[in-house]
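Below: upload-v7.pdb (PDB, C-alpha atoms and all ligand atoms)
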ATOM      1  CA  MET A   1      13.167 155.490 162.123  1.00  0.00           C
ATOM      2  CA  ILE A   2      13.662 152.419 160.010  1.00  0.00           C
ATOM      3  CA  ALA A   3      15.351 149.147 160.948  1.00  0.00           C
ATOM      4  CA  VAL A   4      15.886 146.141 158.723  1.00  0.00           C
ATOM      5  CA  ILE A   5      15.589 142.526 159.802  1.00  0.00           C
ATOM      6  CA  MET A   6      17.239 140.136 157.378  1.00  0.00           C
ATOM      7  CA  GLY A   7      17.814 136.394 157.396  1.00  0.00           C
ATOM      8  CA  PRO A   8      17.244 133.311 155.298  1.00  0.00           C
ATOM      9  CA  PRO A   9      13.738 131.966 154.755  1.00  0.00           C
ATOM     10  CA  GLY A  10      12.659 130.232 157.962  1.00  0.00           C
ATOM     11  CA  SER A  11      15.009 132.239 160.186  1.00  0.00           C
ATOM     12  CA  GLY A  12      12.094 133.719 162.143  1.00  0.00           C
ATOM     13  CA  LYS A  13      12.247 137.318 160.813  1.00  0.00           C
ATOM     14  CA  GLY A  14       8.474 137.693 160.710  1.00  0.00           C
ATOM     15  CA  THR A  15       8.023 136.369 164.242  1.00  0.00           C
ATOM     16  CA  GLN A  16      10.730 138.645 165.658  1.00  0.00           C
ATOM     17  CA  ALA A  17       9.298 141.632 163.757  1.00  0.00           C
ATOM     18  CA  ASP A  18       5.885 140.910 165.322  1.00  0.00           C
ATOM     19  CA  LEU A  19       7.517 140.849 168.766  1.00  0.00           C
ATOM     20  CA  LEU A  20       9.188 144.217 168.008  1.00  0.00           C
ATOM     21  CA  PHE A  21       5.746 145.593 167.246  1.00  0.00           C
ATOM     22  CA  LYS A  22       4.338 144.282 170.545  1.00  0.00           C
ATOM     23  CA  LYS A  23       7.202 145.602 172.687  1.00  0.00           C
ATOM     24  CA  TYR A  24       8.197 148.852 170.962  1.00  0.00           C
ATOM     25  CA  GLY A  25       5.403 149.584 168.475  1.00  0.00           C
ATOM     26  CA  TYR A  26       7.551 149.053 165.377  1.00  0.00           C
ATOM     27  CA  LEU A  27       5.268 148.769 162.353  1.00  0.00           C
ATOM     28  CA  LYS A  28       6.149 145.668 160.353  1.00  0.00           C
ATOM     29  CA  VAL A  29       6.489 146.245 156.632  1.00  0.00           C
ATOM     30  CA  SER A  30       6.849 142.790 155.091  1.00  0.00           C
ATOM     31  CA  THR A  31       7.233 142.567 151.326  1.00  0.00           C
ATOM     32  CA  GLY A  32       6.450 138.824 151.497  1.00  0.00           C
ATOM     33  CA  ASP A  33       3.135 139.500 153.312  1.00  0.00           C
ATOM     34  CA  ALA A  34       2.340 142.319 150.859  1.00  0.00           C
ATOM     35  CA  ILE A  35       2.911 140.053 147.861  1.00  0.00           C
ATOM     36  CA  ARG A  36       0.895 137.185 149.354  1.00  0.00           C
ATOM     37  CA  LYS A  37      -1.953 139.650 149.932  1.00  0.00           C
ATOM     38  CA  GLN A  38      -1.854 140.728 146.268  1.00  0.00           C
ATOM     39  CA  ILE A  39      -1.814 137.068 145.169  1.00  0.00           C
ATOM     40  CA  LYS A  40      -4.846 136.331 147.350  1.00  0.00           C
ATOM     41  CA  LEU A  41      -6.655 139.359 145.910  1.00  0.00           C
ATOM     42  CA  LYS A  42      -5.760 138.193 142.357  1.00  0.00           C
ATOM     43  CA  SER A  43      -4.693 141.733 141.474  1.00  0.00           C
ATOM     44  CA  SER A  44      -2.587 142.301 138.340  1.00  0.00           C
ATOM     45  CA  VAL A  45       0.549 142.478 140.512  1.00  0.00           C
ATOM     46  CA  GLY A  46      -0.541 139.336 142.362  1.00  0.00           C
ATOM     47  CA  ASN A  47      -1.161 137.400 139.152  1.00  0.00           C
ATOM     48  CA  LEU A  48       2.241 138.430 137.839  1.00  0.00           C
ATOM     49  CA  ALA A  49       4.014 137.431 141.062  1.00  0.00           C
ATOM     50  CA  GLN A  50       2.161 134.182 141.800  1.00  0.00           C
ATOM     51  CA  ASP A  51       4.304 131.826 139.739  1.00  0.00           C
ATOM     52  CA  ILE A  52       7.573 133.495 140.697  1.00  0.00           C
ATOM     53  CA  VAL A  53       6.791 133.272 144.412  1.00  0.00           C
ATOM     54  CA  ALA A  54       5.591 129.648 144.197  1.00  0.00           C
ATOM     55  CA  LYS A  55       8.873 128.658 142.549  1.00  0.00           C
ATOM     56  CA  GLY A  56      10.943 130.539 145.128  1.00  0.00           C
ATOM     57  CA  GLY A  57      12.239 133.285 142.788  1.00  0.00           C
ATOM     58  CA  LEU A  58      12.442 137.027 143.422  1.00  0.00           C
ATOM     59  CA  VAL A  59       9.665 139.362 142.281  1.00  0.00           C
ATOM     60  CA  PRO A  60      10.968 142.146 139.966  1.00  0.00           C
ATOM     61  CA  ASP A  61      12.394 145.164 141.790  1.00  0.00           C
ATOM     62  CA  ASP A  62       9.989 147.689 140.228  1.00  0.00           C
ATOM     63  CA  ILE A  63       6.967 145.885 141.708  1.00  0.00           C
ATOM     64  CA  ILE A  64       8.643 145.613 145.112  1.00  0.00           C
ATOM     65  CA  PHE A  65       9.727 149.282 145.018  1.00  0.00           C
ATOM     66  CA  GLN A  66       6.178 150.393 144.348  1.00  0.00           C
ATOM     67  CA  MET A  67       4.843 148.444 147.325  1.00  0.00           C
ATOM     68  CA  VAL A  68       7.579 149.558 149.719  1.00  0.00           C
ATOM     69  CA  ARG A  69       7.237 153.206 148.667  1.00  0.00           C
ATOM     70  CA  ILE A  70       3.498 153.159 149.409  1.00  0.00           C
ATOM     71  CA  ASP A  71       3.975 151.428 152.784  1.00  0.00           C
ATOM     72  CA  LEU A  72       6.760 153.755 153.903  1.00  0.00           C
ATOM     73  CA  GLU A  73       4.797 156.810 152.802  1.00  0.00           C
ATOM     74  CA  ALA A  74       1.830 155.591 154.886  1.00  0.00           C
ATOM     75  CA  SER A  75       4.007 155.043 157.950  1.00  0.00           C
ATOM     76  CA  LYS A  76       5.979 158.298 157.783  1.00  0.00           C
ATOM     77  CA  GLY A  77       7.195 159.440 161.188  1.00  0.00           C
ATOM     78  CA  LYS A  78       6.580 156.026 162.770  1.00  0.00           C
ATOM     79  CA  MET A  79       9.122 153.378 163.700  1.00  0.00           C
ATOM     80  CA  VAL A  80       9.253 150.739 161.001  1.00  0.00           C
ATOM     81  CA  ILE A  81      10.821 147.300 160.854  1.00  0.00           C
ATOM     82  CA  LEU A  82      11.384 146.070 157.314  1.00  0.00           C
ATOM     83  CA  ASP A  83      10.999 142.300 156.969  1.00  0.00           C
ATOM     84  CA  GLY A  84      12.192 140.730 153.705  1.00  0.00           C
ATOM     85  CA  PHE A  85      13.447 143.991 152.172  1.00  0.00           C
ATOM     86  CA  PRO A  86      16.057 144.800 150.905  1.00  0.00           C
ATOM     87  CA  ARG A  87      16.896 141.483 149.235  1.00  0.00           C
ATOM     88  CA  ASN A  88      19.571 142.788 146.864  1.00  0.00           C
ATOM     89  CA  ILE A  89      21.834 145.826 146.522  1.00  0.00           C
ATOM     90  CA  ALA A  90      19.497 147.662 144.138  1.00  0.00           C
ATOM     91  CA  GLN A  91      16.803 147.442 146.814  1.00  0.00           C
ATOM     92  CA  ALA A  92      19.208 148.571 149.573  1.00  0.00           C
ATOM     93  CA  GLU A  93      20.181 151.604 147.477  1.00  0.00           C
ATOM     94  CA  MET A  94      16.569 152.374 146.676  1.00  0.00           C
ATOM     95  CA  LEU A  95      15.770 152.329 150.394  1.00  0.00           C
ATOM     96  CA  GLU A  96      18.639 154.703 151.118  1.00  0.00           C
ATOM     97  CA  SER A  97      17.583 157.135 148.402  1.00  0.00           C
ATOM     98  CA  LEU A  98      13.987 157.122 149.639  1.00  0.00           C
ATOM     99  CA  ASN A  99      14.986 157.973 153.173  1.00  0.00           C
ATOM    100  CA  ARG A 100      17.723 160.540 153.082  1.00  0.00           C
ATOM    101  CA  GLU A 101      16.287 162.358 156.093  1.00  0.00           C
ATOM    102  CA  HIS A 102      15.519 159.191 158.075  1.00  0.00           C
ATOM    103  CA  PRO A 103      18.119 156.650 157.078  1.00  0.00           C
ATOM    104  CA  VAL A 104      18.135 153.046 158.188  1.00  0.00           C
ATOM    105  CA  THR A 105      19.372 152.915 161.785  1.00  0.00           C
ATOM    106  CA  GLY A 106      20.258 149.241 161.895  1.00  0.00           C
ATOM    107  CA  CYS A 107      20.281 145.959 160.064  1.00  0.00           C
ATOM    108  CA  ILE A 108      19.700 142.919 162.271  1.00  0.00           C
ATOM    109  CA  HIS A 109      20.790 139.671 160.649  1.00  0.00           C
ATOM    110  CA  LEU A 110      19.305 136.418 161.971  1.00  0.00           C
ATOM    111  CA  MET A 111      21.696 133.573 161.249  1.00  0.00           C
ATOM    112  CA  VAL A 112      20.501 129.963 161.172  1.00  0.00           C
ATOM    113  CA  ASP A 113      22.174 126.734 160.051  1.00  0.00           C
ATOM    114  CA  HIS A 114      21.044 125.365 156.649  1.00  0.00           C
ATOM    115  CA  ASN A 115      19.732 122.012 158.020  1.00  0.00           C
ATOM    116  CA  VAL A 116      17.716 123.740 160.715  1.00  0.00           C
ATOM    117  CA  LEU A 117      16.107 125.962 158.045  1.00  0.00           C
ATOM    118  CA  ILE A 118      15.110 122.965 155.911  1.00  0.00           C
ATOM    119  CA  GLU A 119      13.504 121.295 158.916  1.00  0.00           C
ATOM    120  CA  ARG A 120      11.657 124.484 159.928  1.00  0.00           C
ATOM    121  CA  LEU A 121      10.374 125.337 156.444  1.00  0.00           C
ATOM    122  CA  SER A 122       9.296 121.880 155.326  1.00  0.00           C
ATOM    123  CA  GLY A 123       7.201 121.353 158.477  1.00  0.00           C
ATOM    124  CA  ARG A 124       5.762 124.879 158.632  1.00  0.00           C
ATOM    125  CA  ARG A 125       1.955 125.181 158.501  1.00  0.00           C
ATOM    126  CA  LEU A 126      -0.099 128.380 158.504  1.00  0.00           C
ATOM    127  CA  CYS A 127      -3.621 129.375 159.325  1.00  0.00           C
ATOM    128  CA  PRO A 128      -4.998 131.188 156.255  1.00  0.00           C
ATOM    129  CA  ILE A 129      -7.575 132.982 158.403  1.00  0.00           C
ATOM    130  CA  CYS A 130      -5.735 134.276 161.502  1.00  0.00           C
ATOM    131  CA  ASN A 131      -2.134 133.867 160.222  1.00  0.00           C
ATOM    132  CA  ALA A 132      -1.028 131.776 163.221  1.00  0.00           C
ATOM    133  CA  THR A 133       2.046 129.665 162.459  1.00  0.00           C
ATOM    134  CA  PHE A 134       2.623 126.049 163.481  1.00  0.00           C
ATOM    135  CA  HIS A 135       5.115 123.277 162.802  1.00  0.00           C
ATOM    136  CA  ILE A 136       4.157 119.627 162.400  1.00  0.00           C
ATOM    137  CA  HIS A 137       6.855 118.556 164.921  1.00  0.00           C
ATOM    138  CA  LEU A 138       8.334 121.634 166.622  1.00  0.00           C
ATOM    139  CA  ALA A 139       5.092 123.507 167.397  1.00  0.00           C
ATOM    140  CA  ALA A 140       2.310 121.091 166.530  1.00  0.00           C
ATOM    141  CA  PRO A 141      -1.322 122.202 166.842  1.00  0.00           C
ATOM    142  CA  LYS A 142      -3.413 120.304 169.419  1.00  0.00           C
ATOM    143  CA  LEU A 143      -5.430 118.714 166.581  1.00  0.00           C
ATOM    144  CA  ALA A 144      -3.383 117.840 163.480  1.00  0.00           C
ATOM    145  CA  GLY A 145      -4.105 120.242 160.622  1.00  0.00           C
ATOM    146  CA  ILE A 146      -6.391 122.526 162.665  1.00  0.00           C
ATOM    147  CA  CYS A 147      -5.563 126.007 163.960  1.00  0.00           C
ATOM    148  CA  ASP A 148      -5.519 126.154 167.791  1.00  0.00           C
ATOM    149  CA  LYS A 149      -6.565 129.792 167.747  1.00  0.00           C
ATOM    150  CA  CYS A 150      -9.524 129.898 165.331  1.00  0.00           C
ATOM    151  CA  GLY A 151     -10.275 126.289 164.327  1.00  0.00           C
ATOM    152  CA  SER A 152      -9.583 126.772 160.597  1.00  0.00           C
ATOM    153  CA  GLY A 153      -7.819 124.183 158.454  1.00  0.00           C
ATOM    154  CA  LEU A 154      -4.042 124.775 158.277  1.00  0.00           C
ATOM    155  CA  ILE A 155      -2.257 125.105 154.939  1.00  0.00           C
ATOM    156  CA  GLN A 156       1.308 124.825 153.668  1.00  0.00           C
ATOM    157  CA  ARG A 157       2.717 127.840 151.804  1.00  0.00           C
ATOM    158  CA  ASP A 158       3.104 127.173 148.050  1.00  0.00           C
ATOM    159  CA  ASP A 159       6.786 128.048 148.365  1.00  0.00           C
ATOM    160  CA  ASP A 160       7.448 125.782 151.371  1.00  0.00           C
ATOM    161  CA  THR A 161       7.865 122.769 149.078  1.00  0.00           C
ATOM    162  CA  GLU A 162      11.275 121.102 148.820  1.00  0.00           C
ATOM    163  CA  ALA A 163      12.061 122.458 145.322  1.00  0.00           C
ATOM    164  CA  SER A 164      11.119 126.049 146.190  1.00  0.00           C
ATOM    165  CA  ILE A 165      12.942 125.928 149.509  1.00  0.00           C
ATOM    166  CA  ARG A 166      16.136 124.944 147.658  1.00  0.00           C
ATOM    167  CA  VAL A 167      15.769 127.868 145.213  1.00  0.00           C
ATOM    168  CA  ARG A 168      14.987 130.354 148.004  1.00  0.00           C
ATOM    169  CA  LEU A 169      18.018 129.321 150.028  1.00  0.00           C
ATOM    170  CA  GLU A 170      20.292 129.494 146.972  1.00  0.00           C
ATOM    171  CA  ILE A 171      19.057 132.987 146.105  1.00  0.00           C
ATOM    172  CA  TYR A 172      19.473 134.066 149.723  1.00  0.00           C
ATOM    173  CA  ASN A 173      23.025 132.756 149.917  1.00  0.00           C
ATOM    174  CA  GLU A 174      23.976 134.622 146.742  1.00  0.00           C
ATOM    175  CA  SER A 175      22.298 137.914 147.542  1.00  0.00           C
ATOM    176  CA  SER A 176      22.866 138.289 151.278  1.00  0.00           C
ATOM    177  CA  ALA A 177      26.666 138.798 151.275  1.00  0.00           C
ATOM    178  CA  PRO A 178      26.589 142.155 149.402  1.00  0.00           C
ATOM    179  CA  ILE A 179      23.773 143.409 151.658  1.00  0.00           C
ATOM    180  CA  ILE A 180      25.773 142.489 154.747  1.00  0.00           C
ATOM    181  CA  GLU A 181      28.767 144.410 153.342  1.00  0.00           C
ATOM    182  CA  PHE A 182      26.496 147.355 152.492  1.00  0.00           C
ATOM    183  CA  TYR A 183      25.307 147.752 156.091  1.00  0.00           C
ATOM    184  CA  LYS A 184      28.684 146.831 157.618  1.00  0.00           C
ATOM    185  CA  SER A 185      30.286 149.668 155.664  1.00  0.00           C
ATOM    186  CA  ARG A 186      27.765 152.033 157.247  1.00  0.00           C
ATOM    187  CA  GLY A 187      28.514 150.667 160.734  1.00  0.00           C
ATOM    188  CA  ILE A 188      24.939 149.532 161.364  1.00  0.00           C
ATOM    189  CA  TYR A 189      25.145 145.753 160.911  1.00  0.00           C
ATOM    190  CA  PHE A 190      24.264 143.442 163.835  1.00  0.00           C
ATOM    191  CA  ALA A 191      24.448 139.641 163.582  1.00  0.00           C
ATOM    192  CA  VAL A 192      22.295 137.529 165.909  1.00  0.00           C
ATOM    193  CA  SER A 193      21.967 133.750 166.142  1.00  0.00           C
ATOM    194  CA  GLY A 194      18.438 132.783 165.078  1.00  0.00           C
ATOM    195  CA  GLU A 195      18.712 129.353 166.727  1.00  0.00           C
ATOM    196  CA  GLY A 196      17.424 128.480 170.175  1.00  0.00           C
ATOM    197  CA  ASP A 197      14.642 129.878 172.271  1.00  0.00           C
ATOM    198  CA  GLN A 198      12.520 132.597 170.579  1.00  0.00           C
ATOM    199  CA  SER A 199      12.427 134.751 173.684  1.00  0.00           C
ATOM    200  CA  ASP A 200      16.227 134.565 174.153  1.00  0.00           C
ATOM    201  CA  ILE A 201      16.680 135.648 170.526  1.00  0.00           C
ATOM    202  CA  PHE A 202      14.237 138.463 171.113  1.00  0.00           C
ATOM    203  CA  ASP A 203      16.122 139.606 174.240  1.00  0.00           C
ATOM    204  CA  GLU A 204      19.250 139.942 172.123  1.00  0.00           C
ATOM    205  CA  ILE A 205      17.373 141.836 169.421  1.00  0.00           C
ATOM    206  CA  SER A 206      15.774 144.094 172.037  1.00  0.00           C
ATOM    207  CA  ALA A 207      19.223 145.027 173.391  1.00  0.00           C
ATOM    208  CA  ILE A 208      20.359 145.979 169.852  1.00  0.00           C
ATOM    209  CA  VAL A 209      17.217 147.995 169.197  1.00  0.00           C
ATOM    210  CA  GLU A 210      17.620 149.862 172.490  1.00  0.00           C
ATOM    211  CA  GLU A 211      21.236 150.638 171.612  1.00  0.00           C
ATOM    212  CA  MET A 212      20.101 151.832 168.171  1.00  0.00           C
ATOM    213  CA  THR A 213      17.506 154.188 169.579  1.00  0.00           C
ATOM    214  CA  GLY A 214      19.900 155.442 172.257  1.00  0.00           C
TER     215      GLY A 214
HETATM  216  P1  LIG B 301       9.123 136.019 152.482  1.00  0.00           P
HETATM  217  O1  LIG B 301       7.790 135.930 153.124  1.00  0.00           O
HETATM  218  O2  LIG B 301       9.919 137.211 152.916  1.00  0.00           O
HETATM  219  O3  LIG B 301       9.894 134.716 152.600  1.00  0.00           O
HETATM  220  O4  LIG B 301       8.874 136.246 150.903  1.00  0.00           O
HETATM  221  C1  LIG B 301       8.163 135.290 150.142  1.00  0.00           C
HETATM  222  C2  LIG B 301       8.462 135.507 148.667  1.00  0.00           C
HETATM  223  O5  LIG B 301       8.013 136.810 148.248  1.00  0.00           O
HETATM  224  C3  LIG B 301       9.925 135.457 148.292  1.00  0.00           C
HETATM  225  O6  LIG B 301      10.418 134.145 148.106  1.00  0.00           O
HETATM  226  C4  LIG B 301       9.904 136.243 146.974  1.00  0.00           C
HETATM  227  O7  LIG B 301       9.351 135.484 145.927  1.00  0.00           O
HETATM  228  C5  LIG B 301       8.913 137.366 147.286  1.00  0.00           C
HETATM  229  N1  LIG B 301       9.586 138.533 147.889  1.00  0.00           N
HETATM  230  C6  LIG B 301       9.438 138.987 149.167  1.00  0.00           C
HETATM  231  N2  LIG B 301      10.193 140.081 149.378  1.00  0.00           N
HETATM  232  C7  LIG B 301      10.840 140.328 148.215  1.00  0.00           C
HETATM  233  C8  LIG B 301      11.781 141.308 147.812  1.00  0.00           C
HETATM  234  N3  LIG B 301      12.223 142.265 148.657  1.00  0.00           N
HETATM  235  N4  LIG B 301      12.244 141.257 146.521  1.00  0.00           N
HETATM  236  C9  LIG B 301      11.812 140.322 145.663  1.00  0.00           C
HETATM  237  N5  LIG B 301      10.935 139.348 145.988  1.00  0.00           N
HETATM  238  C10 LIG B 301      10.444 139.340 147.253  1.00  0.00           C
END
Represent the structure from my file as structure tokens, please.
Amino acid sequence: MIAVIMGPPGSGKGTQADLLFKKYGYLKVSTGDAIRKQIKLKSSVGNLAQDIVAKGGLVPDDIIFQMVRIDLEASKGKMVILDGFPRNIAQAEMLESLNREHPVTGCIHLMVDHNVLIERLSGRRLCPICNATFHIHLAAPKLAGICDKCGSGLIQRDDDTEASIRVRLEIYNESSAPIIEFYKSRGIYFAVSGEGDQSDIFDEISAIVEEMTG
């Protein structure tokens, strides 16, 4: 069973997908995480994607397809939550053609106001070692710049700069409408407000997921 979580950058998709793993065992397949891993490894795919990602653009579909195909193959038979994929109609169609026997059961759309996204993204800080996420104002670490969980120095994502954030939001605004229509036409689109308390948002998502699984 495959569900999709979509939303603009900074909407909290990754966090909610992690919570779905903890509560229901959904495996998170995140194309953003997969690309960042390749960039860190300096693989040929990573080297090709590095500049595109830093500037906030989209990585070519063929590279993304290859990564998603491998991840879905590895998780066959398990419940999967796709985070950051599909990001355009070609990707949505590719996903459908890959999974004729186990089609997507739902698309959960996290909706967040533009100004809230800018504030979240520009203050976001990450731990490069344990992947914990902080925010300089909204979820500040106890010691500025230091991870509460493992003591490593926090970093800012290359694409969380003002210029990249603008590009990412523009691309999202252009590409999300057709994806919404795509899943609406299949009767499996669910919109959720991504603003407010994380656990309240998760309660709403949990109710949708439980409805999806019957
Ligand atoms: P994310 O962590 O989902 O915000 O993704 C970070 C970056 O990875 C995006 O801004 C894109 O450059 C790239 N990326 C992630 N998923 C995709 C995708 N499905 N298609 C194209 N590029 C992607």
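Here the question is which of A:Glu174, A:Glu211, A:Asp51, A:Asp160 gets nearest to Ile35 (chain A) using only C-alpha atoms, and that residue is A:Asp51.
Closest approach to Cys127 (chain A) among A:Lys13, A:Lys28, A:Lys149, A:Arg166: A:Lys149, based on all atoms listed in the file.
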One residue among A:Phe65, A:Phe190, A:Phe202, A:Phe134 is nearest to ligand LIG 301 (chain B) when using all atoms listed in the file, and that residue is A:Phe65
Q.
Give me, as a PyMOL selection string, the set of residues whose atoms come within 6 Å of any atom of ligand LIG 301 (chain B), counting all atoms listed in the file.
A. chain A and resi 9+31-33+52-53+56-59+64+84-87+168
CA of Leu19 (chain A) sits from CA of Ser199 (chain A) at a separation of 9.2 Å
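Picked out by the PyMOL selection byres (((chain A and resi 123) around 12) and not hetatm) when it runs on this file: Gly10, Val116, Leu117, Ile118, Glu119, Arg120, Leu121, Ser122, Arg124, Arg125, Leu126, Thr133, Phe134, His135, Ile136, His137, Leu138, Ala139, Ala140, Pro141, Gly145, Leu154, Ile155, Gln156, Arg157, Asp160, Thr161, Glu162 and Ile165 of chain A.
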Just so the selection is clear, what residues does the PyMOL selection byres (((chain A and resi 206) around 12) and not hetatm) cover here, as a PDB file with C-alpha atoms, keeping the file's coordinate frame?
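Saved result, expr-v5.pdb, follows:
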ATOM      1  CA  GLN A  16      10.730 138.645 165.658  1.00  0.00           C
ATOM      2  CA  ALA A  17       9.298 141.632 163.757  1.00  0.00           C
ATOM      3  CA  LEU A  19       7.517 140.849 168.766  1.00  0.00           C
ATOM      4  CA  LEU A  20       9.188 144.217 168.008  1.00  0.00           C
ATOM      5  CA  PHE A  21       5.746 145.593 167.246  1.00  0.00           C
ATOM      6  CA  LYS A  22       4.338 144.282 170.545  1.00  0.00           C
ATOM      7  CA  LYS A  23       7.202 145.602 172.687  1.00  0.00           C
ATOM      8  CA  TYR A  24       8.197 148.852 170.962  1.00  0.00           C
ATOM      9  CA  TYR A  26       7.551 149.053 165.377  1.00  0.00           C
ATOM     10  CA  ILE A 108      19.700 142.919 162.271  1.00  0.00           C
ATOM     11  CA  PHE A 190      24.264 143.442 163.835  1.00  0.00           C
ATOM     12  CA  VAL A 192      22.295 137.529 165.909  1.00  0.00           C
ATOM     13  CA  SER A 199      12.427 134.751 173.684  1.00  0.00           C
ATOM     14  CA  ASP A 200      16.227 134.565 174.153  1.00  0.00           C
ATOM     15  CA  ILE A 201      16.680 135.648 170.526  1.00  0.00           C
ATOM     16  CA  PHE A 202      14.237 138.463 171.113  1.00  0.00           C
ATOM     17  CA  ASP A 203      16.122 139.606 174.240  1.00  0.00           C
ATOM     18  CA  GLU A 204      19.250 139.942 172.123  1.00  0.00           C
ATOM     19  CA  ILE A 205      17.373 141.836 169.421  1.00  0.00           C
ATOM     20  CA  ALA A 207      19.223 145.027 173.391  1.00  0.00           C
ATOM     21  CA  ILE A 208      20.359 145.979 169.852  1.00  0.00           C
ATOM     22  CA  VAL A 209      17.217 147.995 169.197  1.00  0.00           C
ATOM     23  CA  GLU A 210      17.620 149.862 172.490  1.00  0.00           C
ATOM     24  CA  GLU A 211      21.236 150.638 171.612  1.00  0.00           C
ATOM     25  CA  MET A 212      20.101 151.832 168.171  1.00  0.00           C
ATOM     26  CA  THR A 213      17.506 154.188 169.579  1.00  0.00           C
TER      27      THR A 213
END
* To do: Determine the residue membership of the PyMOL selection byres (((chain A and resi 130) around 9) and not hetatm) for the file above and supply it as a list of chain:residue names.
  => A:Leu126, A:Cys127, A:Pro128, A:Ile129, A:Asn131, A:Ala132, A:Cys147, A:Lys149, A:Cys150, A:Ser152
### Query
Near Ala34 (chain A), counting all atoms listed in the file, which residues have an atom at most 8 Å away, once you skip same-chain residues fewer than 4 positions from it, shown as a ChimeraX atom specification?
/A:30,38,67
- Return the single residue from A:Ser185, A:Ser175, A:Gln198, A:Ser193 that is closest to Asn88 (chain A), with distances computed using only C-alpha atoms.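 Checking each candidate against Asn88 (chain A), we get A:Ser175 as the closest.
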Which of these residues is nearest to Ala90 (chain A), using all atoms listed in the file: A:Gly151, A:Pro8, A:Gly196, A:Pro60?
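Ranking A:Gly151, A:Pro8, A:Gly196, A:Pro60 by distance to Ala90 (chain A), first place goes to A:Pro60.
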Mind filling out region 39-51 of chain A with N, CA, C and O atoms and sending it as a compact mmCIF listing (two decimals), in the coordinates of the input?
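Saved result, result.txt, follows:
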# COMPACT_ATOMS: atom_id res chain seq x y z
N ILE A 39 -1.52 138.35 145.83
CA ILE A 39 -1.81 137.07 145.17
C ILE A 39 -3.22 136.60 145.57
O ILE A 39 -4.00 136.17 144.74
N LYS A 40 -3.54 136.75 146.84
CA LYS A 40 -4.85 136.33 147.35
C LYS A 40 -5.96 137.15 146.69
O LYS A 40 -7.02 136.63 146.34
N LEU A 41 -5.66 138.45 146.51
CA LEU A 41 -6.66 139.36 145.91
C LEU A 41 -6.78 139.16 144.40
O LEU A 41 -7.66 139.71 143.77
N LYS A 42 -5.84 138.41 143.81
CA LYS A 42 -5.76 138.19 142.36
C LYS A 42 -5.65 139.52 141.59
O LYS A 42 -6.27 139.70 140.54
N SER A 43 -4.92 140.46 142.17
CA SER A 43 -4.69 141.73 141.47
C SER A 43 -3.72 141.49 140.33
O SER A 43 -3.12 140.40 140.24
N SER A 44 -3.50 142.51 139.47
CA SER A 44 -2.59 142.30 138.34
C SER A 44 -1.17 142.02 138.86
O SER A 44 -0.47 141.14 138.34
N VAL A 45 -0.77 142.73 139.91
CA VAL A 45 0.55 142.48 140.51
C VAL A 45 0.60 141.05 141.08
O VAL A 45 1.58 140.32 140.90
N GLY A 46 -0.48 140.67 141.76
CA GLY A 46 -0.54 139.34 142.36
C GLY A 46 -0.45 138.24 141.31
O GLY A 46 0.29 137.26 141.48
N ASN A 47 -1.18 138.41 140.21
CA ASN A 47 -1.16 137.40 139.15
C ASN A 47 0.23 137.28 138.55
O ASN A 47 0.69 136.18 138.23
N LEU A 48 0.89 138.44 138.41
CA LEU A 48 2.24 138.43 137.84
C LEU A 48 3.24 137.73 138.77
O LEU A 48 4.15 137.02 138.34
N ALA A 49 3.04 137.94 140.09
CA ALA A 49 4.01 137.43 141.06
C ALA A 49 3.78 135.97 141.44
O ALA A 49 4.71 135.29 141.88
N GLN A 50 2.54 135.49 141.25
CA GLN A 50 2.16 134.18 141.80
C GLN A 50 3.14 133.05 141.47
O GLN A 50 3.62 132.33 142.35
N ASP A 51 3.44 132.92 140.18
CA ASP A 51 4.30 131.83 139.74
C ASP A 51 5.73 131.97 140.27
O ASP A 51 6.35 130.99 140.69
